[in-house]
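Colleague: The following file, coords.cif, comprises mmCIF, C-alpha atoms; chains and numbers go by the auth columns:
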```cif
data_query
#
loop_
_atom_site.group_PDB
_atom_site.id
_atom_site.type_symbol
_atom_site.label_atom_id
_atom_site.label_comp_id
_atom_site.label_asym_id
_atom_site.label_seq_id
_atom_site.Cartn_x
_atom_site.Cartn_y
_atom_site.Cartn_z
_atom_site.B_iso_or_equiv
_atom_site.auth_seq_id
_atom_site.auth_asym_id
ATOM 1 C CA LYS A 1 88.235 108.744 78.796 0.00 1 A
ATOM 2 C CA GLU A 2 85.169 110.980 79.088 0.00 2 A
ATOM 3 C CA ALA A 3 85.847 111.496 82.801 0.00 3 A
ATOM 4 C CA ILE A 4 89.449 112.548 82.100 0.00 4 A
ATOM 5 C CA GLU A 5 88.363 114.965 79.369 0.00 5 A
ATOM 6 C CA ALA A 6 85.701 116.472 81.635 0.00 6 A
ATOM 7 C CA ALA A 7 88.237 116.896 84.444 0.00 7 A
ATOM 8 C CA SER A 8 90.793 118.457 82.072 0.00 8 A
ATOM 9 C CA SER A 9 88.306 121.128 81.015 0.00 9 A
ATOM 10 C CA ASN A 10 87.408 121.989 84.624 0.00 10 A
ATOM 11 C CA THR A 11 89.936 124.768 85.203 0.00 11 A
ATOM 12 C CA GLU A 12 87.890 126.479 87.935 0.00 12 A
ATOM 13 C CA ILE A 13 89.590 124.436 90.652 0.00 13 A
ATOM 14 C CA LEU A 14 92.940 125.987 89.710 0.00 14 A
ATOM 15 C CA HIS A 15 91.647 129.273 91.145 0.00 15 A
ATOM 16 C CA ILE A 16 91.327 127.767 94.645 0.00 16 A
ATOM 17 C CA PRO A 17 93.942 129.815 96.543 0.00 17 A
ATOM 18 C CA ASP A 18 94.435 127.405 99.456 0.00 18 A
ATOM 19 C CA ALA A 19 96.592 124.350 98.600 0.00 19 A
ATOM 20 C CA GLU A 20 95.014 122.064 101.204 0.00 20 A
ATOM 21 C CA SER A 21 91.503 122.929 99.983 0.00 21 A
ATOM 22 C CA LEU A 22 92.610 122.204 96.406 0.00 22 A
ATOM 23 C CA ALA A 23 94.005 118.818 97.513 0.00 23 A
ATOM 24 C CA ASN A 24 90.689 117.966 99.227 0.00 24 A
ATOM 25 C CA VAL A 25 88.678 118.928 96.127 0.00 25 A
ATOM 26 C CA LEU A 26 90.989 116.862 93.896 0.00 26 A
ATOM 27 C CA SER A 27 90.759 113.864 96.263 0.00 27 A
ATOM 28 C CA SER A 28 86.979 114.009 96.299 0.00 28 A
ATOM 29 C CA GLY A 29 86.841 114.243 92.502 0.00 29 A
ATOM 30 C CA VAL A 30 89.242 111.357 91.899 0.00 30 A
ATOM 31 C CA GLN A 31 87.585 109.106 94.504 0.00 31 A
ATOM 32 C CA THR A 32 84.144 109.727 92.990 0.00 32 A
ATOM 33 C CA THR A 33 85.349 109.122 89.417 0.00 33 A
ATOM 34 C CA VAL A 34 87.094 105.795 90.087 0.00 34 A
ATOM 35 C CA SER A 35 85.028 104.696 93.131 0.00 35 A
ATOM 36 C CA ASP A 36 88.138 104.064 95.223 0.00 36 A
ATOM 37 C CA PRO A 37 88.491 105.862 98.593 0.00 37 A
ATOM 38 C CA ARG A 38 92.138 104.739 98.858 0.00 38 A
ATOM 39 C CA LEU A 39 93.187 107.295 96.225 0.00 39 A
ATOM 40 C CA ILE A 40 94.186 110.496 98.014 0.00 40 A
ATOM 41 C CA VAL A 41 95.629 113.803 96.795 0.00 41 A
ATOM 42 C CA SER A 42 97.395 115.625 99.623 0.00 42 A
ATOM 43 C CA TYR A 43 99.366 118.828 100.101 0.00 43 A
ATOM 44 C CA GLU A 44 102.364 118.178 102.367 0.00 44 A
ATOM 45 C CA PRO A 45 105.144 120.802 102.220 0.00 45 A
ATOM 46 C CA ASN A 46 107.007 119.091 105.090 0.00 46 A
ATOM 47 C CA TYR A 47 106.547 115.489 103.943 0.00 47 A
ATOM 48 C CA VAL A 48 109.303 113.082 104.988 0.00 48 A
ATOM 49 C CA PRO A 49 109.188 109.622 103.357 0.00 49 A
ATOM 50 C CA VAL A 50 108.538 106.800 105.808 0.00 50 A
ATOM 51 C CA VAL A 51 111.440 104.361 105.982 0.00 51 A
ATOM 52 C CA ALA A 52 110.499 100.813 106.972 0.00 52 A
ATOM 53 C CA PRO A 53 112.018 100.094 110.389 0.00 53 A
ATOM 54 C CA GLN A 54 114.809 97.539 110.346 0.00 54 A
ATOM 55 C CA MET A 55 115.001 94.830 112.980 0.00 55 A
ATOM 56 C CA PRO A 56 117.600 96.216 115.383 0.00 56 A
ATOM 57 C CA MET A 57 120.489 94.042 116.546 0.00 57 A
ATOM 58 C CA LEU A 58 119.259 93.979 120.134 0.00 58 A
ATOM 59 C CA PRO A 59 120.103 91.500 122.886 0.00 59 A
ATOM 60 C CA PRO A 60 117.361 88.879 123.491 0.00 60 A
ATOM 61 C CA GLU A 61 116.093 90.480 126.709 0.00 61 A
ATOM 62 C CA GLN A 62 115.373 93.764 124.885 0.00 62 A
ATOM 63 C CA LEU A 63 113.650 91.921 122.044 0.00 63 A
ATOM 64 C CA VAL A 64 111.466 90.211 124.653 0.00 64 A
ATOM 65 C CA THR A 65 110.408 93.611 126.027 0.00 65 A
ATOM 66 C CA ILE A 66 109.534 94.899 122.520 0.00 66 A
ATOM 67 C CA LEU A 67 107.532 91.746 121.745 0.00 67 A
ATOM 68 C CA GLN A 68 105.613 91.931 125.003 0.00 68 A
ATOM 69 C CA THR A 69 104.414 95.470 124.208 0.00 69 A
ATOM 70 C CA SER A 70 103.072 94.549 120.741 0.00 70 A
ATOM 71 C CA ILE A 71 101.581 91.147 121.582 0.00 71 A
ATOM 72 C CA LYS A 72 98.980 90.471 124.283 0.00 72 A
ATOM 73 C CA LEU A 73 98.348 86.954 125.477 0.00 73 A
ATOM 74 C CA ASP A 74 95.869 85.506 127.959 0.00 74 A
ATOM 75 C CA ILE A 75 94.311 82.165 128.873 0.00 75 A
ATOM 76 C CA LEU A 76 90.609 82.722 129.576 0.00 76 A
ATOM 77 C CA GLU A 77 88.086 80.640 131.487 0.00 77 A
ATOM 78 C CA GLY A 78 87.385 77.288 129.846 0.00 78 A
ATOM 79 C CA ASN A 79 90.953 76.996 128.533 0.00 79 A
ATOM 80 C CA ILE A 80 90.298 79.498 125.730 0.00 80 A
ATOM 81 C CA GLY A 81 93.371 81.289 124.420 0.00 81 A
ATOM 82 C CA TYR A 82 93.353 85.020 123.630 0.00 82 A
ATOM 83 C CA LEU A 83 96.014 86.485 121.344 0.00 83 A
ATOM 84 C CA ARG A 84 96.196 90.117 120.204 0.00 84 A
ATOM 85 C CA ILE A 85 98.776 91.178 117.609 0.00 85 A
ATOM 86 C CA ASP A 86 98.947 94.838 116.542 0.00 86 A
ATOM 87 C CA HIS A 87 101.548 94.404 113.781 0.00 87 A
ATOM 88 C CA ILE A 88 102.030 91.363 111.539 0.00 88 A
ATOM 89 C CA ILE A 89 105.734 90.655 111.236 0.00 89 A
ATOM 90 C CA GLY A 90 107.279 89.449 107.992 0.00 90 A
ATOM 91 C CA GLU A 91 109.501 86.539 107.053 0.00 91 A
ATOM 92 C CA GLU A 92 112.794 88.306 107.820 0.00 92 A
ATOM 93 C CA VAL A 93 111.791 89.293 111.366 0.00 93 A
ATOM 94 C CA ALA A 94 110.162 85.897 112.003 0.00 94 A
ATOM 95 C CA ASP A 95 113.436 84.164 111.104 0.00 95 A
ATOM 96 C CA LYS A 96 115.335 86.312 113.615 0.00 96 A
ATOM 97 C CA ILE A 97 112.976 86.063 116.584 0.00 97 A
ATOM 98 C CA GLY A 98 111.043 82.882 115.822 0.00 98 A
ATOM 99 C CA SER A 99 112.400 80.915 118.779 0.00 99 A
ATOM 100 C CA LEU A 100 111.567 83.797 121.141 0.00 100 A
ATOM 101 C CA LEU A 101 107.996 83.955 119.789 0.00 101 A
ATOM 102 C CA LEU A 102 107.718 80.220 120.287 0.00 102 A
ATOM 103 C CA ASP A 103 108.728 80.368 123.973 0.00 103 A
ATOM 104 C CA LEU A 104 106.905 83.585 124.874 0.00 104 A
ATOM 105 C CA VAL A 105 103.687 83.142 122.937 0.00 105 A
ATOM 106 C CA TRP A 106 103.024 80.102 120.812 0.00 106 A
ATOM 107 C CA ASN A 107 103.868 77.313 123.271 0.00 107 A
ATOM 108 C CA LYS A 108 101.397 78.885 125.741 0.00 108 A
ATOM 109 C CA ILE A 109 98.658 78.983 123.071 0.00 109 A
ATOM 110 C CA LEU A 110 99.117 75.384 121.827 0.00 110 A
ATOM 111 C CA PRO A 111 97.495 73.573 124.811 0.00 111 A
ATOM 112 C CA THR A 112 94.316 75.711 124.685 0.00 112 A
ATOM 113 C CA SER A 113 90.998 74.229 123.499 0.00 113 A
ATOM 114 C CA ALA A 114 90.055 77.214 121.287 0.00 114 A
ATOM 115 C CA LEU A 115 91.604 80.530 120.287 0.00 115 A
ATOM 116 C CA ILE A 116 90.351 84.118 120.020 0.00 116 A
ATOM 117 C CA PHE A 117 92.696 85.911 117.612 0.00 117 A
ATOM 118 C CA ASP A 118 92.263 89.669 118.075 0.00 118 A
ATOM 119 C CA LEU A 119 93.026 91.707 114.946 0.00 119 A
ATOM 120 C CA ARG A 120 90.864 94.716 115.901 0.00 120 A
ATOM 121 C CA TYR A 121 93.897 96.988 116.284 0.00 121 A
ATOM 122 C CA THR A 122 96.130 95.533 113.556 0.00 122 A
ATOM 123 C CA GLY A 123 96.736 98.317 111.050 0.00 123 A
ATOM 124 C CA SER A 124 100.189 97.418 109.742 0.00 124 A
ATOM 125 C CA GLY A 125 102.113 94.392 108.611 0.00 125 A
ATOM 126 C CA ASP A 126 104.274 92.618 106.067 0.00 126 A
ATOM 127 C CA ILE A 127 102.683 90.469 103.335 0.00 127 A
ATOM 128 C CA THR A 128 105.391 87.802 103.803 0.00 128 A
ATOM 129 C CA GLY A 129 103.942 87.122 107.275 0.00 129 A
ATOM 130 C CA VAL A 130 100.600 85.880 105.874 0.00 130 A
ATOM 131 C CA PRO A 131 101.791 82.336 104.907 0.00 131 A
ATOM 132 C CA TYR A 132 103.312 81.910 108.388 0.00 132 A
ATOM 133 C CA ILE A 133 100.109 82.755 110.245 0.00 133 A
ATOM 134 C CA VAL A 134 97.800 80.777 107.954 0.00 134 A
ATOM 135 C CA SER A 135 100.124 77.731 108.044 0.00 135 A
ATOM 136 C CA TYR A 136 99.960 77.511 111.851 0.00 136 A
ATOM 137 C CA PHE A 137 96.193 76.980 111.578 0.00 137 A
ATOM 138 C CA THR A 138 96.143 74.531 108.639 0.00 138 A
ATOM 139 C CA GLU A 139 97.495 71.047 107.874 0.00 139 A
ATOM 140 C CA ALA A 140 101.073 70.545 106.639 0.00 140 A
ATOM 141 C CA GLU A 141 99.842 68.574 103.604 0.00 141 A
ATOM 142 C CA PRO A 142 98.607 69.215 101.016 0.00 142 A
ATOM 143 C CA LEU A 143 100.086 72.679 100.491 0.00 143 A
ATOM 144 C CA ILE A 144 97.429 75.366 100.057 0.00 144 A
ATOM 145 C CA HIS A 145 97.445 78.264 97.597 0.00 145 A
ATOM 146 C CA ILE A 146 96.551 81.035 100.078 0.00 146 A
ATOM 147 C CA ASP A 147 96.652 84.223 98.023 0.00 147 A
ATOM 148 C CA SER A 148 97.996 85.845 94.853 0.00 148 A
ATOM 149 C CA VAL A 149 99.415 89.374 94.962 0.00 149 A
ATOM 150 C CA TYR A 150 99.652 91.346 91.720 0.00 150 A
ATOM 151 C CA ASP A 151 102.271 94.115 91.836 0.00 151 A
ATOM 152 C CA ARG A 152 101.419 96.882 89.372 0.00 152 A
ATOM 153 C CA PRO A 153 104.858 98.574 88.960 0.00 153 A
ATOM 154 C CA SER A 154 106.654 95.301 88.156 0.00 154 A
ATOM 155 C CA ASN A 155 103.626 93.645 86.470 0.00 155 A
ATOM 156 C CA ILE A 156 104.425 90.461 88.445 0.00 156 A
ATOM 157 C CA THR A 157 101.963 88.205 90.283 0.00 157 A
ATOM 158 C CA THR A 158 103.353 86.373 93.326 0.00 158 A
ATOM 159 C CA GLU A 159 101.559 83.305 94.687 0.00 159 A
ATOM 160 C CA LEU A 160 101.540 82.789 98.459 0.00 160 A
ATOM 161 C CA TRP A 161 101.426 79.151 99.604 0.00 161 A
ATOM 162 C CA SER A 162 101.195 77.481 103.000 0.00 162 A
ATOM 163 C CA LEU A 163 104.497 76.286 104.458 0.00 163 A
ATOM 164 C CA PRO A 164 105.329 72.548 104.712 0.00 164 A
ATOM 165 C CA THR A 165 107.560 73.023 107.772 0.00 165 A
ATOM 166 C CA LEU A 166 107.264 75.425 110.688 0.00 166 A
ATOM 167 C CA LEU A 167 109.101 76.278 113.865 0.00 167 A
ATOM 168 C CA GLY A 168 107.039 74.583 116.574 0.00 168 A
ATOM 169 C CA GLU A 169 103.743 72.731 116.283 0.00 169 A
ATOM 170 C CA ARG A 170 100.592 73.672 114.385 0.00 170 A
ATOM 171 C CA TYR A 171 97.354 74.568 116.147 0.00 171 A
ATOM 172 C CA SER A 172 95.005 71.604 115.654 0.00 172 A
ATOM 173 C CA VAL A 173 92.523 72.174 112.801 0.00 173 A
ATOM 174 C CA THR A 174 89.777 70.679 114.977 0.00 174 A
ATOM 175 C CA LYS A 175 90.072 73.509 117.533 0.00 175 A
ATOM 176 C CA PRO A 176 87.774 76.522 116.991 0.00 176 A
ATOM 177 C CA LEU A 177 89.417 79.754 115.814 0.00 177 A
ATOM 178 C CA ILE A 178 87.607 83.079 116.231 0.00 178 A
ATOM 179 C CA ILE A 179 89.070 86.217 114.625 0.00 179 A
ATOM 180 C CA LEU A 180 87.988 89.572 116.061 0.00 180 A
ATOM 181 C CA THR A 181 87.844 92.471 113.575 0.00 181 A
ATOM 182 C CA SER A 182 87.009 96.179 113.614 0.00 182 A
ATOM 183 C CA LYS A 183 86.984 99.144 111.232 0.00 183 A
ATOM 184 C CA ASN A 184 90.653 99.594 112.288 0.00 184 A
ATOM 185 C CA THR A 185 91.636 96.136 110.979 0.00 185 A
ATOM 186 C CA ARG A 186 93.537 97.188 107.874 0.00 186 A
ATOM 187 C CA GLY A 187 95.730 95.835 105.068 0.00 187 A
ATOM 188 C CA ILE A 188 97.691 92.656 105.799 0.00 188 A
ATOM 189 C CA ALA A 189 95.465 91.803 108.784 0.00 189 A
ATOM 190 C CA GLU A 190 92.438 91.879 106.459 0.00 190 A
ATOM 191 C CA ASP A 191 94.254 89.432 104.174 0.00 191 A
ATOM 192 C CA VAL A 192 94.852 87.035 107.094 0.00 192 A
ATOM 193 C CA ALA A 193 91.183 87.177 108.156 0.00 193 A
ATOM 194 C CA TYR A 194 89.896 86.790 104.572 0.00 194 A
ATOM 195 C CA CYS A 195 92.200 83.822 103.829 0.00 195 A
ATOM 196 C CA LEU A 196 91.376 81.906 107.012 0.00 196 A
ATOM 197 C CA ARG A 197 87.633 82.527 106.624 0.00 197 A
ATOM 198 C CA ASN A 198 87.577 81.354 102.982 0.00 198 A
ATOM 199 C CA LEU A 199 89.567 78.250 103.941 0.00 199 A
ATOM 200 C CA LYS A 200 86.680 77.641 106.402 0.00 200 A
ATOM 201 C CA ARG A 201 89.240 77.613 109.211 0.00 201 A
ATOM 202 C CA ALA A 202 88.016 80.651 111.168 0.00 202 A
ATOM 203 C CA SER A 203 84.855 82.536 112.058 0.00 203 A
ATOM 204 C CA ILE A 204 84.997 86.345 111.930 0.00 204 A
ATOM 205 C CA VAL A 205 83.336 88.293 114.751 0.00 205 A
ATOM 206 C CA GLY A 206 83.072 92.076 115.075 0.00 206 A
ATOM 207 C CA GLU A 207 82.859 94.937 112.593 0.00 207 A
ATOM 208 C CA LYS A 208 83.470 95.068 108.857 0.00 208 A
ATOM 209 C CA THR A 209 87.168 95.776 108.264 0.00 209 A
ATOM 210 C CA ALA A 210 88.662 98.939 106.692 0.00 210 A
ATOM 211 C CA GLY A 211 88.929 97.749 103.087 0.00 211 A
ATOM 212 C CA GLY A 212 92.541 98.881 102.761 0.00 212 A
ATOM 213 C CA SER A 213 95.275 97.616 100.466 0.00 213 A
ATOM 214 C CA VAL A 214 98.196 95.197 100.542 0.00 214 A
ATOM 215 C CA LYS A 215 100.432 98.038 99.357 0.00 215 A
ATOM 216 C CA VAL A 216 100.093 101.773 98.726 0.00 216 A
ATOM 217 C CA ASP A 217 102.646 104.163 97.253 0.00 217 A
ATOM 218 C CA LYS A 218 102.911 107.923 97.734 0.00 218 A
ATOM 219 C CA ILE A 219 103.968 109.685 94.546 0.00 219 A
ATOM 220 C CA LYS A 220 105.201 113.285 94.348 0.00 220 A
ATOM 221 C CA VAL A 221 103.370 115.358 91.706 0.00 221 A
ATOM 222 C CA GLY A 222 106.038 117.061 89.590 0.00 222 A
ATOM 223 C CA ASP A 223 108.048 119.750 91.337 0.00 223 A
ATOM 224 C CA THR A 224 105.302 120.562 93.852 0.00 224 A
ATOM 225 C CA ASP A 225 104.352 119.745 97.449 0.00 225 A
ATOM 226 C CA PHE A 226 101.341 117.739 96.245 0.00 226 A
ATOM 227 C CA TYR A 227 101.319 113.948 96.561 0.00 227 A
ATOM 228 C CA VAL A 228 99.068 111.197 95.253 0.00 228 A
ATOM 229 C CA THR A 229 98.578 108.119 97.437 0.00 229 A
ATOM 230 C CA VAL A 230 97.666 105.195 95.194 0.00 230 A
ATOM 231 C CA PRO A 231 97.341 101.407 95.673 0.00 231 A
ATOM 232 C CA SER A 232 100.204 99.718 93.824 0.00 232 A
ATOM 233 C CA ALA A 233 99.415 96.039 94.459 0.00 233 A
ATOM 234 C CA LYS A 234 96.281 93.906 94.597 0.00 234 A
ATOM 235 C CA SER A 235 95.321 90.779 96.523 0.00 235 A
ATOM 236 C CA ILE A 236 93.357 88.122 94.575 0.00 236 A
ATOM 237 C CA ASN A 237 92.025 85.220 96.626 0.00 237 A
ATOM 238 C CA PRO A 238 92.281 81.884 94.727 0.00 238 A
ATOM 239 C CA ILE A 239 89.071 80.561 96.326 0.00 239 A
ATOM 240 C CA THR A 240 86.774 83.538 95.712 0.00 240 A
ATOM 241 C CA GLY A 241 88.581 85.057 92.729 0.00 241 A
ATOM 242 C CA SER A 242 87.994 88.449 94.352 0.00 242 A
ATOM 243 C CA THR A 243 89.480 90.641 97.080 0.00 243 A
ATOM 244 C CA TRP A 244 88.785 92.249 100.465 0.00 244 A
ATOM 245 C CA GLU A 245 90.260 95.534 99.255 0.00 245 A
ATOM 246 C CA ILE A 246 87.878 98.543 99.191 0.00 246 A
ATOM 247 C CA THR A 247 84.899 96.414 100.380 0.00 247 A
ATOM 248 C CA GLY A 248 86.523 95.059 103.583 0.00 248 A
ATOM 249 C CA VAL A 249 85.932 91.688 105.247 0.00 249 A
ATOM 250 C CA THR A 250 82.349 91.226 106.433 0.00 250 A
ATOM 251 C CA PRO A 251 82.078 89.383 109.783 0.00 251 A
ATOM 252 C CA ASP A 252 80.106 86.162 110.207 0.00 252 A
#
```
What do you get writing this file as structure tokens?

Modeller:
Amino acid sequence: KEAIEAASSNTEILHIPDAESLANVLSSGVQTTVSDPRLIVSYEPNYVPVVAPQMPMLPPEQLVTILQTSIKLDILEGNIGYLRIDHIIGEEVADKIGSLLLDLVWNKILPTSALIFDLRYTGSGDITGVPYIVSYFTEAEPLIHIDSVYDRPSNITTELWSLPTLLGERYSVTKPLIILTSKNTRGIAEDVAYCLRNLKRASIVGEKTAGGSVKVDKIKVGDTDFYVTVPSAKSINPITGSTWEITGVTPD
């Protein structure tokens, strides 16, 4: 309350003539007050809202080409698998192209003795993809409570659980799993790494992750060209009772 009152009385910033400079000053002030670098005030006169891309109705051969550009697969010396995914697909897309993923990627990974899962460049994804990924590296029974996501606008908490049945086989829990991370590992990818590490299923190698958010919204400020970017959902891990958001995932 004191911080809000102090900010309300600080009218000097309204005399900043340059809109972008004003946005930067406001961002800095808000981030310092609430200790959250994800809160951003921006000035964007030409802002166009981002529309989530829909899965196009493409023939299988074109889908194969798209998949091959976003997924990198290799079998290294010593029968060690290497898998890099730059975007984590959600439930809807997985249902449409699951059999393709199985043939192109997963069935080649299954016979390996260990897996390096590269999330160093994964900056986007869909939260509904988390149970899929985690389930492929855990047992079918008992079901595991992986994560809880609290959505602020709806005031609803959704529990994410492992899946009892999957397309294809699971990767044996006795095989080592190494997840590579970097400061560019952001959002849903951080959730995957955090979940698998706390289930003691994976070791994390690399840099501390970005400390992003499961979901952010961009809100227009009145009838202006100013916008506030604000986290609108929160991940709460059932094992730790805390989150990777803001702090990031620290490697082993």

Colleague: Determine the residue membership of the PyMOL selection byres ((chain A and resi 119) around 10) for the file above and supply it as a CSV table (one decimal) with C-alpha atoms, keeping the file's coordinate frame.

Modeller:
```
chain,number,residue,atom,x,y,z
A,83,LEU,CA,96.0,86.5,121.3
A,84,ARG,CA,96.2,90.1,120.2
A,85,ILE,CA,98.8,91.2,117.6
A,86,ASP,CA,98.9,94.8,116.5
A,87,HIS,CA,101.5,94.4,113.8
A,88,ILE,CA,102.0,91.4,111.5
A,116,ILE,CA,90.4,84.1,120.0
A,117,PHE,CA,92.7,85.9,117.6
A,118,ASP,CA,92.3,89.7,118.1
A,120,ARG,CA,90.9,94.7,115.9
A,121,TYR,CA,93.9,97.0,116.3
A,122,THR,CA,96.1,95.5,113.6
A,123,GLY,CA,96.7,98.3,111.0
A,179,ILE,CA,89.1,86.2,114.6
A,180,LEU,CA,88.0,89.6,116.1
A,181,THR,CA,87.8,92.5,113.6
A,182,SER,CA,87.0,96.2,113.6
A,184,ASN,CA,90.7,99.6,112.3
A,185,THR,CA,91.6,96.1,111.0
A,186,ARG,CA,93.5,97.2,107.9
A,189,ALA,CA,95.5,91.8,108.8
A,190,GLU,CA,92.4,91.9,106.5
A,192,VAL,CA,94.9,87.0,107.1
A,193,ALA,CA,91.2,87.2,108.2
A,206,GLY,CA,83.1,92.1,115.1
A,209,THR,CA,87.2,95.8,108.3
```

Colleague: Name all residues at most 12 Å from segment 152-155 of chain A (count all atoms listed in the file; drop same-chain ones fewer than 2 positions away) and give them as a ChimeraX atom specification.

Modeller: /A:149-150,157-158,214-217,230-235

Colleague: Enumerate, as an NGL selection string, the protein, DNA and RNA residues whose atoms approach (100.5, 76.7, 95.0) to within 8 Å, taking into account all atoms listed in the file and the coordinate frame of the file.

Modeller: :A and (143-146 or 159-161)

Colleague: From the options A:Pro176, A:Pro17, A:Pro251, A:Pro238, which residue's atoms come nearest to Glu207 of chain A, counting all atoms listed in the file?

Modeller: A:Pro251

Colleague: Report the centre and edge lengths, in Å to one decimal, of an axis-aligned box enclosing every atom of segment 24-32 of chain A listed in the file, padded by 4 Å on each side, as AutoDock Vina command-line options.

Modeller:
```
--center_x 87.6 --center_y 114.0 --center_z 95.6 --size_x 14.8 --size_y 17.8 --size_z 15.3
```

Colleague: Hey, what comes out of the PyMOL selection byres ((chain A and resi 31-45) around 7) on this file? Could you write it as a PyMOL selection string?

Modeller: chain A and resi 19-20+23-24+26-30+46-47+225-231+246

Colleague: If you count all atoms listed in the file, which residues fall within 9 Å of Thr247 of chain A, apart from same-chain ones fewer than 5 positions away, as a ChimeraX atom specification?

Modeller: /A:208-212

Colleague: Since we have the selection now, will you write its residues out, keeping C-alpha atoms, as a compact mmCIF listing (two decimals), in the frame of the given file?

Modeller:
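Final file, result17.txt:
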```txt
# COMPACT_ATOMS: atom_id res chain seq x y z
CA LYS A 208 83.47 95.07 108.86
CA THR A 209 87.17 95.78 108.26
CA ALA A 210 88.66 98.94 106.69
CA GLY A 211 88.93 97.75 103.09
CA GLY A 212 92.54 98.88 102.76
```

Colleague: Between A:Leu76, A:Val105, A:Val221, A:Cys195, which is the closest to Val249 of chain A once you count all atoms listed in the file?

Modeller: A:Cys195

Colleague: So, with all atoms listed in the file as the atoms that count, which of A:Asp74, A:Glu91, A:Asp223, A:Glu2 lies closest to Ile127 of chain A?

Modeller: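 Nearest candidate to Ile127 of chain A out of A:Asp74, A:Glu91, A:Asp223, A:Glu2: A:Glu91.
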
Colleague: Going by the chain IDs and residue numbers used in this file, which residues fall under the PyMOL selection byres ((chain A and resi 196) around 10)? Write them as an NGL selection string.

Modeller: :A and (133-135 or 137-138 or 146 or 177 or 179 or 191-195 or 197-204)

Colleague: Could you turn the residues from that selection into a file that holds C-alpha atoms, as a short mmCIF file (atom, residue, chain, number, x, y, z; two decimals), in the frame of the given file?

Modeller:
```
data_model
loop_
_atom_site.label_atom_id
_atom_site.label_comp_id
_atom_site.auth_asym_id
_atom_site.auth_seq_id
_atom_site.Cartn_x
_atom_site.Cartn_y
_atom_site.Cartn_z
CA ILE A 133 100.11 82.76 110.24
CA VAL A 134 97.80 80.78 107.95
CA SER A 135 100.12 77.73 108.04
CA PHE A 137 96.19 76.98 111.58
CA THR A 138 96.14 74.53 108.64
CA ILE A 146 96.55 81.04 100.08
CA LEU A 177 89.42 79.75 115.81
CA ILE A 179 89.07 86.22 114.62
CA ASP A 191 94.25 89.43 104.17
CA VAL A 192 94.85 87.04 107.09
CA ALA A 193 91.18 87.18 108.16
CA TYR A 194 89.90 86.79 104.57
CA CYS A 195 92.20 83.82 103.83
CA ARG A 197 87.63 82.53 106.62
CA ASN A 198 87.58 81.35 102.98
CA LEU A 199 89.57 78.25 103.94
CA LYS A 200 86.68 77.64 106.40
CA ARG A 201 89.24 77.61 109.21
CA ALA A 202 88.02 80.65 111.17
CA SER A 203 84.86 82.54 112.06
CA ILE A 204 85.00 86.34 111.93
#
```

Colleague: Give the answer as one residue: which of A:Arg170, A:Ser21, A:Ser148, A:Pro49 has the shortest atom-to-atom distance to Asn237 of chain A, using all atoms listed in the file?

Modeller: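 Ranked by minimum distance to Asn237 of chain A, first place goes to A:Ser148.
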
Colleague: What does the distance from atom CA of Thr165 of chain A to atom CA of Glu245 of chain A come to in Å, to one decimal?

Modeller: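 The value is 29.6 Å.
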
Colleague: Tell me which of A:Thr240, A:Thr174, A:Asn79, A:Thr250 sits closest to Asp147 of chain A, counting only C-alpha atoms.

Modeller: A:Thr240

Colleague: At what distance in Å, to one decimal, does atom CA of Asp126 of chain A lie from atom CA of Ile188 of chain A?

Modeller: 6.6 Å

Colleague: As an exercise, work out the distance from atom CA of Leu63 of chain A to atom CA of Leu167 of chain A in Å and give it to one decimal place.

Modeller: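 We find that atom CA of Leu63 of chain A and atom CA of Leu167 of chain A lie 18.2 Å from each other.
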
Colleague: Mind checking which residues fall within 10 Å of Glu169 of chain A, counting all atoms listed in the file, ignoring those fewer than 5 positions away in the same chain, and posting them as a PDB file with C-alpha atoms, keeping the file's coordinate frame?

Modeller:
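So the final result, stored in around_37.pdb, reads:
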```
ATOM      1  CA  LEU A 102     107.718  80.220 120.287  1.00  0.00           C
ATOM      2  CA  TRP A 106     103.024  80.102 120.812  1.00  0.00           C
ATOM      3  CA  ASN A 107     103.868  77.313 123.271  1.00  0.00           C
ATOM      4  CA  LEU A 110      99.117  75.384 121.827  1.00  0.00           C
ATOM      5  CA  TYR A 136      99.960  77.511 111.851  1.00  0.00           C
ATOM      6  CA  PHE A 137      96.193  76.980 111.578  1.00  0.00           C
TER       7      PHE A 137
END
```

Colleague: Generate a file for segment 26-43 of chain A, containing C-alpha atoms, as an mmCIF file, in the first residue's frame.

Modeller:
```cif
data_model
loop_
_atom_site.group_PDB
_atom_site.id
_atom_site.type_symbol
_atom_site.label_atom_id
_atom_site.label_comp_id
_atom_site.auth_asym_id
_atom_site.auth_seq_id
_atom_site.Cartn_x
_atom_site.Cartn_y
_atom_site.Cartn_z
ATOM 1 C CA LEU A 26 7.803 2.590 -15.293
ATOM 2 C CA SER A 27 9.089 -0.955 -15.942
ATOM 3 C CA SER A 28 12.114 -0.409 -13.738
ATOM 4 C CA GLY A 29 9.959 1.024 -10.945
ATOM 5 C CA VAL A 30 7.386 -1.775 -11.037
ATOM 6 C CA GLN A 31 10.024 -4.532 -11.237
ATOM 7 C CA THR A 32 11.898 -3.086 -8.251
ATOM 8 C CA THR A 33 8.726 -2.666 -6.166
ATOM 9 C CA VAL A 34 7.391 -6.207 -6.657
ATOM 10 C CA SER A 35 10.742 -7.971 -7.297
ATOM 11 C CA ASP A 36 9.476 -9.572 -10.503
ATOM 12 C CA PRO A 37 11.423 -8.978 -13.754
ATOM 13 C CA ARG A 38 8.578 -10.527 -15.790
ATOM 14 C CA LEU A 39 6.438 -7.406 -15.300
ATOM 15 C CA ILE A 40 7.072 -5.063 -18.225
ATOM 16 C CA VAL A 41 5.553 -1.723 -19.246
ATOM 17 C CA SER A 42 6.060 -1.093 -22.959
ATOM 18 C CA TYR A 43 5.136 1.555 -25.508
#
```
